[in-house]
Amino acid sequence: MNKKFYITTPIYYPSAEFHIGHCYTTIIADAIARYKRLSGYDVYFQTGTDEHGLKIENKAKEAGVTPKEYVDKIILNAKDLWQSLNISYDYFIRTTDEDHKKRVQEIFKKLYDQGDIYKGEYKGLYCVPCESFWTETQVVDGKCPDCGRDVNLVTEEAYFFKLSKYQKPLEDFYETHPNFIEPESRKNEMLNNFIRPGLEDLCVSRTSFKWGIPVTFDEKHVIYVWIDALTNYITSLGYPEETEKFKKYWPCDLHLVGKEIVRFHTIIWPAILMALGLELPKQVFGHGWLIIDGGKISKSLGNYKDPREYIRTYGVDAVRYYALREVPFGSDGNFSEKSLITRTNSDLCNILGNLVSRTIQMGIKYFDGVVHESKKMEDIDAYLTESIYNLKTMVDGKVESLKINEALECIFEVLRKCNKYIDDTTPWVLAKEEENKERLETVIYNLLEGIRVCAIMLQPFIPETSEKIFKGLNISDTTFASIDKPVEVYNLGNEKPANLFERIKED
Ligand code: ME8
């Protein structure tokens, strides 16, 4: 049986339309999911939306609609956005799904019955736009440390989860599972800033708003965000029922999240799972933020465009490539339309697009599109083909360690070498003498092989472009396994291929 791979994005708040930051996590998750599928894994890739809470209740009120009507519209757009970005999710969970709500209620009741949830009183400083409670030490000059707005002191009867009980088990788990949190710096932050100073019990219900899942045994309470939201990763598999799907895919292999919610995924979530007696996820990766003008792109700040505009203007693969390539995965990085254009021109247009169109055109011009396998190799050929056939091993290693931008860098390094090989072998000079015909065919063939292997490796990242290249090369076997089976004869046809990317004007 195939090995399984379960990967998730956070479930995003549909409090406003999604922006390029949401695309960032989702594109990366998609590329990894596609990579694993091509590597033979049985992949389950989940994304979705986190739809309850005061903020959405308020937004809907402002818009004069019910919360459900409010979120339905945003989710329609979100699904359209994911389709335009070629996001290949297997399941889209909404926390307003009836089966999710029922399962969350069962989980809450189970934790209550076994004593992990108890009733108490909550006092805290609450930031409405961020839906976050803060302690005295966390607020900055009386303002929310995330968005800088006012916080209010709130007291209410509430249910609590005994998070404090899991301090030691969490520390032990971190100790025995050194790769649980990546990058390493985030793990140290969790240990030093949160776990070691002591964990407080966590408030998990509210009476001050209605838009949430009711506590079955105390209906004036609704379940507060984290137990509703985090459990999406198991309710979608059928839990608390021990379904086949649950048995097959749990534990999750990789939760991809932005750095601001690492704490919830590496402290609260594992503690809930420990309380439920379930296995913990294998890894949580907390990536950095895309920044605009020095600040986070944010729904509350409204400093962004609909990402579909970029897709319409520059094409889906320009956006996907930019998200995957521009910023070292894990770090913060600046997002700008200008750098998207520069990246598209320099890599997709100049390196990839030019190589593909030049090579196919030469194959057509010099050999009527029929190019045979090389017979005689020179040193310069061996140097190129070695890097072509070693590429997969290199990229495997990079994807395994989630160095996604470096994985692409490896592929583009081979593409660059192919371009240099054209400059060094000068096919247009070889074409002048009939006696050089065999040498010329070798050169074109090696280039076609380079393009074929790179296009196969690019499939998870820029799938539409790879498809176009496969059409241009007229090949149908594009699996990872086919990399080691060089094509015997290329039959390119005689139609000049369309440019993969048009050069975008830079100001
Ligand atoms: O936090 N740069 O939802 P959310 C990079 N519902 N990634 C960004 C980003 C940016 N500027 N802005 C957003 C929630 N993201 C909760 C999650 S999970 C059980 C519940 C991405 O809509 C990044 O993945 O605020 C971040 O963690 C997530 O969107 C936050 O989405």
# chains A, B, ... in the order shown; residues from 1 in each chain; ligands from 1
call {"tool": "residues_near_ligand", "arguments": {"ligand": "ligand 1", "cutoff": "7 Å", "atoms": "only C-alpha atoms and all ligand atoms", "output": "PyMOL selection string"}}
result
chain A and resi 9-14+21-22+24-25+49-50+226+229-230+232+256-261+288-291+296-298
call {"tool": "write_last_selection", "arguments": {"atoms": "C-alpha atoms", "output": "short mmCIF file (atom, residue, chain, number, x, y, z; two decimals), in the first residue's frame"}}
result
data_model
loop_
_atom_site.label_atom_id
_atom_site.label_comp_id
_atom_site.auth_asym_id
_atom_site.auth_seq_id
_atom_site.Cartn_x
_atom_site.Cartn_y
_atom_site.Cartn_z
CA THR A 9 -3.31 24.88 5.79
CA PRO A 10 -4.87 26.90 8.60
CA ILE A 11 -8.59 27.34 8.19
CA TYR A 12 -8.86 31.03 7.35
CA TYR A 13 -11.34 33.54 8.80
CA PRO A 14 -13.87 34.61 6.18
CA GLY A 21 -0.94 36.12 2.46
CA HIS A 22 -3.60 33.39 2.44
CA TYR A 24 1.05 32.19 0.12
CA THR A 25 0.40 29.38 2.63
CA THR A 49 -12.60 28.28 6.73
CA ASP A 50 -13.01 29.18 10.39
CA TRP A 226 -9.76 27.26 19.41
CA ALA A 229 -11.17 25.68 14.93
CA LEU A 230 -8.26 23.37 15.79
CA ASN A 232 -11.18 20.75 12.16
CA LEU A 256 1.56 24.60 7.64
CA VAL A 257 0.76 27.79 9.53
CA GLY A 258 1.84 31.41 9.73
CA LYS A 259 4.17 32.24 12.63
CA GLU A 260 1.46 34.07 14.61
CA ILE A 261 -0.53 30.87 15.15
CA GLY A 288 7.05 34.00 8.01
CA TRP A 289 4.83 36.82 6.84
CA LEU A 290 4.56 38.61 3.56
CA ILE A 291 5.00 42.24 4.41
CA LYS A 296 1.81 42.58 7.70
CA ILE A 297 -0.77 42.27 4.94
CA SER A 298 -3.89 42.19 6.96
#
call {"tool": "select_by_dssp", "arguments": {"residues": "segment 119-349 of chain A", "states": "helix (DSSP H, G or I)", "output": "number ranges by chain"}}
result
A: 163-176, 184-195, 225-230, 232-235, 244-249, 259-276, 307-314, 316-325, 337-349
call {"tool": "residues_around", "arguments": {"residues": "segment 158-162 of chain A", "least_positions_apart": "2", "cutoff": "8 Å", "atoms": "only C-alpha atoms", "output": "PDB file with N, CA, C and O atoms, in the first residue's frame"}}
result
ATOM      1  N   ASP A 116     -11.244  17.408  31.888  1.00  0.00           N
ATOM      2  CA  ASP A 116     -10.265  18.298  31.262  1.00  0.00           C
ATOM      3  C   ASP A 116     -10.855  19.666  30.962  1.00  0.00           C
ATOM      4  O   ASP A 116     -10.129  20.608  30.668  1.00  0.00           O
ATOM      5  N   ILE A 117     -12.198  19.761  31.003  1.00  0.00           N
ATOM      6  CA  ILE A 117     -12.858  21.061  30.873  1.00  0.00           C
ATOM      7  C   ILE A 117     -13.697  21.270  32.134  1.00  0.00           C
ATOM      8  O   ILE A 117     -14.361  20.341  32.600  1.00  0.00           O
ATOM      9  N   TYR A 118     -13.623  22.478  32.712  1.00  0.00           N
ATOM     10  CA  TYR A 118     -14.403  22.786  33.915  1.00  0.00           C
ATOM     11  C   TYR A 118     -14.967  24.198  33.808  1.00  0.00           C
ATOM     12  O   TYR A 118     -14.513  25.003  32.978  1.00  0.00           O
ATOM     13  N   LYS A 119     -15.966  24.504  34.669  1.00  0.00           N
ATOM     14  CA  LYS A 119     -16.587  25.832  34.612  1.00  0.00           C
ATOM     15  C   LYS A 119     -15.890  26.806  35.564  1.00  0.00           C
ATOM     16  O   LYS A 119     -15.565  26.431  36.691  1.00  0.00           O
ATOM     17  N   GLY A 120     -15.678  28.041  35.124  1.00  0.00           N
ATOM     18  CA  GLY A 120     -15.043  29.051  35.973  1.00  0.00           C
ATOM     19  C   GLY A 120     -15.458  30.448  35.542  1.00  0.00           C
ATOM     20  O   GLY A 120     -16.498  30.611  34.902  1.00  0.00           O
ATOM     21  N   GLU A 121     -14.628  31.428  35.871  1.00  0.00           N
ATOM     22  CA  GLU A 121     -14.959  32.807  35.486  1.00  0.00           C
ATOM     23  C   GLU A 121     -13.773  33.431  34.757  1.00  0.00           C
ATOM     24  O   GLU A 121     -12.627  33.295  35.175  1.00  0.00           O
ATOM     25  N   TYR A 122     -14.070  34.096  33.655  1.00  0.00           N
ATOM     26  CA  TYR A 122     -12.986  34.669  32.866  1.00  0.00           C
ATOM     27  C   TYR A 122     -12.912  36.172  32.999  1.00  0.00           C
ATOM     28  O   TYR A 122     -13.912  36.871  32.870  1.00  0.00           O
ATOM     29  N   GLU A 156     -16.638  37.192  32.465  1.00  0.00           N
ATOM     30  CA  GLU A 156     -17.816  36.367  32.192  1.00  0.00           C
ATOM     31  C   GLU A 156     -17.621  34.941  32.681  1.00  0.00           C
ATOM     32  O   GLU A 156     -16.490  34.475  32.829  1.00  0.00           O
ATOM     33  N   SER A 164      -2.867  23.819  31.843  1.00  0.00           N
ATOM     34  CA  SER A 164      -1.727  23.774  32.776  1.00  0.00           C
ATOM     35  C   SER A 164      -1.257  22.338  33.036  1.00  0.00           C
ATOM     36  O   SER A 164      -0.071  22.085  33.233  1.00  0.00           O
ATOM     37  N   LYS A 165      -2.211  21.412  32.986  1.00  0.00           N
ATOM     38  CA  LYS A 165      -1.897  20.003  33.250  1.00  0.00           C
ATOM     39  C   LYS A 165      -0.921  19.428  32.205  1.00  0.00           C
ATOM     40  O   LYS A 165      -0.260  18.433  32.456  1.00  0.00           O
ATOM     41  N   TYR A 166      -0.859  20.065  31.036  1.00  0.00           N
ATOM     42  CA  TYR A 166      -0.073  19.491  29.939  1.00  0.00           C
ATOM     43  C   TYR A 166       1.302  20.134  29.755  1.00  0.00           C
ATOM     44  O   TYR A 166       2.000  19.833  28.788  1.00  0.00           O
ATOM     45  N   GLU A 200      -1.263  28.712  31.549  1.00  0.00           N
ATOM     46  CA  GLU A 200      -2.515  28.939  32.279  1.00  0.00           C
ATOM     47  C   GLU A 200      -3.625  28.178  31.595  1.00  0.00           C
ATOM     48  O   GLU A 200      -3.585  27.952  30.381  1.00  0.00           O
ATOM     49  N   ASP A 201      -4.668  27.815  32.382  1.00  0.00           N
ATOM     50  CA  ASP A 201      -5.810  27.147  31.767  1.00  0.00           C
ATOM     51  C   ASP A 201      -6.437  28.081  30.741  1.00  0.00           C
ATOM     52  O   ASP A 201      -6.350  29.303  30.856  1.00  0.00           O
ATOM     53  N   LEU A 202      -7.084  27.465  29.776  1.00  0.00           N
ATOM     54  CA  LEU A 202      -7.515  28.210  28.597  1.00  0.00           C
ATOM     55  C   LEU A 202      -9.037  28.323  28.550  1.00  0.00           C
ATOM     56  O   LEU A 202      -9.744  27.328  28.727  1.00  0.00           O
ATOM     57  N   CYS A 203      -9.484  29.551  28.320  1.00  0.00           N
ATOM     58  CA  CYS A 203     -10.918  29.780  28.248  1.00  0.00           C
ATOM     59  C   CYS A 203     -11.463  29.247  26.920  1.00  0.00           C
ATOM     60  O   CYS A 203     -10.967  29.624  25.854  1.00  0.00           O
ATOM     61  N   VAL A 204     -12.437  28.360  26.986  1.00  0.00           N
ATOM     62  CA  VAL A 204     -12.898  27.712  25.742  1.00  0.00           C
ATOM     63  C   VAL A 204     -14.392  27.885  25.472  1.00  0.00           C
ATOM     64  O   VAL A 204     -14.967  27.161  24.657  1.00  0.00           O
ATOM     65  N   SER A 205     -15.050  28.822  26.206  1.00  0.00           N
ATOM     66  CA  SER A 205     -16.456  29.108  25.869  1.00  0.00           C
ATOM     67  C   SER A 205     -16.730  30.586  26.094  1.00  0.00           C
ATOM     68  O   SER A 205     -15.972  31.284  26.778  1.00  0.00           O
ATOM     69  N   ARG A 206     -17.824  31.059  25.490  1.00  0.00           N
ATOM     70  CA  ARG A 206     -18.228  32.463  25.642  1.00  0.00           C
ATOM     71  C   ARG A 206     -19.738  32.546  25.797  1.00  0.00           C
ATOM     72  O   ARG A 206     -20.473  31.728  25.232  1.00  0.00           O
ATOM     73  N   THR A 207     -20.162  33.573  26.569  1.00  0.00           N
ATOM     74  CA  THR A 207     -21.607  33.823  26.642  1.00  0.00           C
ATOM     75  C   THR A 207     -21.933  35.171  25.997  1.00  0.00           C
ATOM     76  O   THR A 207     -23.087  35.521  25.841  1.00  0.00           O
ATOM     77  N   HIS A 221     -23.766  29.020  26.535  1.00  0.00           N
ATOM     78  CA  HIS A 221     -22.361  29.120  26.114  1.00  0.00           C
ATOM     79  C   HIS A 221     -22.172  28.655  24.672  1.00  0.00           C
ATOM     80  O   HIS A 221     -22.756  27.656  24.263  1.00  0.00           O
TER      81      HIS A 221
END
call {"tool": "closest_atom_pairs", "arguments": {"of": "segment 466-485 of chain A", "to": "segment 439-457 of chain A", "cutoff": "6 Å", "atoms": "only C-alpha atoms", "output": "Markdown table"}}
result
| residue | atom | partner | partner_atom | distance |
| --- | --- | --- | --- | --- |
| A:Ser466 | CA | A:Ala455 | CA | 5.0 |
| A:Thr478 | CA | A:Ile456 | CA | 5.8 |
| A:Ile483 | CA | A:Val453 | CA | 6.0 |
call {"tool": "write_last_selection", "arguments": {"atoms": "all heavy atoms", "output": "short mmCIF file (atom, residue, chain, number, x, y, z; two decimals), in the first residue's frame"}}
result
data_model
loop_
_atom_site.label_atom_id
_atom_site.label_comp_id
_atom_site.auth_asym_id
_atom_site.auth_seq_id
_atom_site.Cartn_x
_atom_site.Cartn_y
_atom_site.Cartn_z
N SER A 466 4.12 23.49 -16.95
CA SER A 466 4.67 22.17 -17.27
C SER A 466 3.83 21.50 -18.34
O SER A 466 4.37 20.91 -19.28
CB SER A 466 4.72 21.29 -16.01
OG SER A 466 5.72 21.76 -15.15
N THR A 478 4.97 11.66 -17.91
CA THR A 478 5.54 12.80 -17.18
C THR A 478 5.62 12.52 -15.68
O THR A 478 5.64 13.42 -14.86
CB THR A 478 4.69 14.06 -17.42
OG1 THR A 478 3.37 13.80 -16.94
CG2 THR A 478 4.61 14.42 -18.88
N ILE A 483 11.66 10.10 -15.34
CA ILE A 483 12.86 10.93 -15.47
C ILE A 483 14.06 10.11 -15.93
O ILE A 483 14.83 10.52 -16.78
CB ILE A 483 13.16 11.66 -14.13
CG1 ILE A 483 12.14 12.78 -13.96
CG2 ILE A 483 14.58 12.18 -14.09
CD1 ILE A 483 12.25 13.54 -12.67
#
call {"tool": "closest_residue", "arguments": {"among": "A:Pro307, A:Ala407, A:Leu355, A:Phe367", "to": "Ile469 of chain A", "atoms": "only C-alpha atoms"}}
result
A:Leu355
call {"tool": "closest_atom_pairs", "arguments": {"of": "segment 392-440 of chain A", "to": "segment 29-45 of chain A", "cutoff": "12 Å", "atoms": "only C-alpha atoms", "output": "Markdown table"}}
result
| residue | atom | partner | partner_atom | distance |
| --- | --- | --- | --- | --- |
| A:Lys392 | CA | A:Ser39 | CA | 10.6 |
| A:Thr393 | CA | A:Ser39 | CA | 11.8 |
| A:Val395 | CA | A:Tyr35 | CA | 10.1 |
| A:Asp396 | CA | A:Tyr35 | CA | 8.9 |
| A:Gly397 | CA | A:Tyr35 | CA | 12.0 |
| A:Lys398 | CA | A:Ile32 | CA | 11.0 |
| A:Val399 | CA | A:Ile32 | CA | 7.4 |
| A:Glu400 | CA | A:Ile32 | CA | 9.2 |
| A:Ser401 | CA | A:Ile32 | CA | 11.0 |
| A:Leu402 | CA | A:Ile32 | CA | 8.4 |
| A:Lys403 | CA | A:Ile32 | CA | 10.7 |
| A:Ile404 | CA | A:Ile32 | CA | 8.5 |
| A:Asn405 | CA | A:Ala31 | CA | 11.3 |
| A:Ala407 | CA | A:Ile32 | CA | 11.1 |
| A:Leu408 | CA | A:Ala31 | CA | 11.1 |
call {"tool": "residues_around", "arguments": {"residues": "segment 65-81 of chain A", "least_positions_apart": "5", "cutoff": "10 Å", "atoms": "only C-alpha atoms", "output": "count of residues only"}}
result
33
call {"tool": "select_by_dssp", "arguments": {"residues": "segment 161-329 of chain A", "states": "strand (DSSP E or B)", "output": "list of chain:residue names"}}
result
A:Phe161, A:Ile181, A:Glu182, A:Leu202, A:Cys203, A:Ser205, A:Arg206, A:Ile213, A:Pro214, A:Val222, A:Ile223, A:Leu254, A:His255, A:Leu256, A:Val257, A:Gly258, A:Val284, A:Phe285, A:Gly286, A:His287, A:Leu290, A:Ile291, A:Ile292, A:Gly295, A:Lys296, A:Phe329
call {"tool": "decode", "arguments": {"residues": "segment 201-215 of chain A", "atoms": "all heavy atoms", "output": "compact mmCIF listing (two decimals), in the first residue's frame"}}
result
# COMPACT_ATOMS: atom_id res chain seq x y z
N ASP A 201 -4.67 27.81 32.38
CA ASP A 201 -5.81 27.15 31.77
C ASP A 201 -6.44 28.08 30.74
O ASP A 201 -6.35 29.30 30.86
CB ASP A 201 -6.82 26.73 32.84
CG ASP A 201 -6.27 25.58 33.68
OD1 ASP A 201 -5.22 25.02 33.28
OD2 ASP A 201 -6.86 25.25 34.73
N LEU A 202 -7.08 27.47 29.78
CA LEU A 202 -7.52 28.21 28.60
C LEU A 202 -9.04 28.32 28.55
O LEU A 202 -9.74 27.33 28.73
CB LEU A 202 -7.03 27.42 27.37
CG LEU A 202 -7.32 28.00 26.03
CD1 LEU A 202 -6.36 29.15 25.75
CD2 LEU A 202 -7.13 26.90 24.97
N CYS A 203 -9.48 29.55 28.32
CA CYS A 203 -10.92 29.78 28.25
C CYS A 203 -11.46 29.25 26.92
O CYS A 203 -10.97 29.62 25.85
CB CYS A 203 -11.14 31.28 28.35
SG CYS A 203 -12.85 31.69 28.30
N VAL A 204 -12.44 28.36 26.99
CA VAL A 204 -12.90 27.71 25.74
C VAL A 204 -14.39 27.89 25.47
O VAL A 204 -14.97 27.16 24.66
CB VAL A 204 -12.54 26.19 25.74
CG1 VAL A 204 -11.05 26.00 25.58
CG2 VAL A 204 -13.06 25.49 26.98
N SER A 205 -15.05 28.82 26.21
CA SER A 205 -16.46 29.11 25.87
C SER A 205 -16.73 30.59 26.09
O SER A 205 -15.97 31.28 26.78
CB SER A 205 -17.41 28.26 26.71
OG SER A 205 -17.62 28.88 27.96
N ARG A 206 -17.82 31.06 25.49
CA ARG A 206 -18.23 32.46 25.64
C ARG A 206 -19.74 32.55 25.80
O ARG A 206 -20.47 31.73 25.23
CB ARG A 206 -17.87 33.25 24.37
CG ARG A 206 -16.43 33.56 24.23
CD ARG A 206 -16.03 34.68 25.19
NE ARG A 206 -14.63 35.00 25.03
CZ ARG A 206 -13.66 34.33 25.60
NH1 ARG A 206 -13.92 33.33 26.40
NH2 ARG A 206 -12.41 34.67 25.39
N THR A 207 -20.16 33.57 26.57
CA THR A 207 -21.61 33.82 26.64
C THR A 207 -21.93 35.17 26.00
O THR A 207 -23.09 35.52 25.84
CB THR A 207 -22.09 33.86 28.11
OG1 THR A 207 -21.27 34.81 28.81
CG2 THR A 207 -22.01 32.51 28.77
N SER A 208 -20.87 35.92 25.62
CA SER A 208 -21.09 37.30 25.16
C SER A 208 -21.46 37.40 23.69
O SER A 208 -21.76 38.47 23.21
CB SER A 208 -19.85 38.14 25.44
OG SER A 208 -18.73 37.48 24.90
N PHE A 209 -21.41 36.34 22.95
CA PHE A 209 -21.91 36.37 21.57
C PHE A 209 -22.57 35.03 21.25
O PHE A 209 -22.41 34.06 21.99
CB PHE A 209 -20.80 36.73 20.58
CG PHE A 209 -19.68 35.73 20.51
CD1 PHE A 209 -19.71 34.68 19.60
CD2 PHE A 209 -18.58 35.83 21.36
CE1 PHE A 209 -18.68 33.77 19.54
CE2 PHE A 209 -17.54 34.91 21.30
CZ PHE A 209 -17.60 33.88 20.38
N LYS A 210 -23.28 35.00 20.15
CA LYS A 210 -24.10 33.82 19.84
C LYS A 210 -23.57 33.03 18.65
O LYS A 210 -23.93 31.87 18.45
CB LYS A 210 -25.54 34.28 19.49
CG LYS A 210 -26.37 34.69 20.69
CD LYS A 210 -26.99 33.46 21.37
CE LYS A 210 -27.25 33.65 22.85
NZ LYS A 210 -26.09 33.52 23.73
N TRP A 211 -22.79 33.66 17.78
CA TRP A 211 -22.40 33.03 16.53
C TRP A 211 -21.27 32.02 16.78
O TRP A 211 -20.07 32.34 16.66
CB TRP A 211 -22.00 34.09 15.49
CG TRP A 211 -21.55 33.55 14.17
CD1 TRP A 211 -20.36 33.80 13.56
CD2 TRP A 211 -22.27 32.69 13.28
NE1 TRP A 211 -20.29 33.13 12.35
CE2 TRP A 211 -21.44 32.45 12.16
CE3 TRP A 211 -23.53 32.07 13.32
CZ2 TRP A 211 -21.84 31.62 11.09
CZ3 TRP A 211 -23.92 31.26 12.26
CH2 TRP A 211 -23.09 31.06 11.17
N GLY A 212 -21.68 30.82 17.19
CA GLY A 212 -20.71 29.78 17.50
C GLY A 212 -21.45 28.47 17.73
O GLY A 212 -22.68 28.42 17.63
N ILE A 213 -20.71 27.44 18.05
CA ILE A 213 -21.33 26.13 18.29
C ILE A 213 -21.76 26.06 19.76
O ILE A 213 -20.92 26.23 20.65
CB ILE A 213 -20.33 24.99 17.97
CG1 ILE A 213 -19.80 25.15 16.53
CG2 ILE A 213 -20.97 23.63 18.18
CD1 ILE A 213 -18.71 24.17 16.16
N PRO A 214 -23.04 25.82 20.05
CA PRO A 214 -23.49 25.79 21.45
C PRO A 214 -22.89 24.61 22.21
O PRO A 214 -22.67 23.55 21.65
CB PRO A 214 -25.01 25.62 21.34
CG PRO A 214 -25.36 25.85 19.92
CD PRO A 214 -24.13 25.61 19.10
N VAL A 215 -22.64 24.85 23.52
CA VAL A 215 -22.25 23.75 24.41
C VAL A 215 -23.54 22.97 24.68
O VAL A 215 -24.53 23.55 25.15
CB VAL A 215 -21.67 24.32 25.73
CG1 VAL A 215 -21.39 23.21 26.74
CG2 VAL A 215 -20.39 25.12 25.44
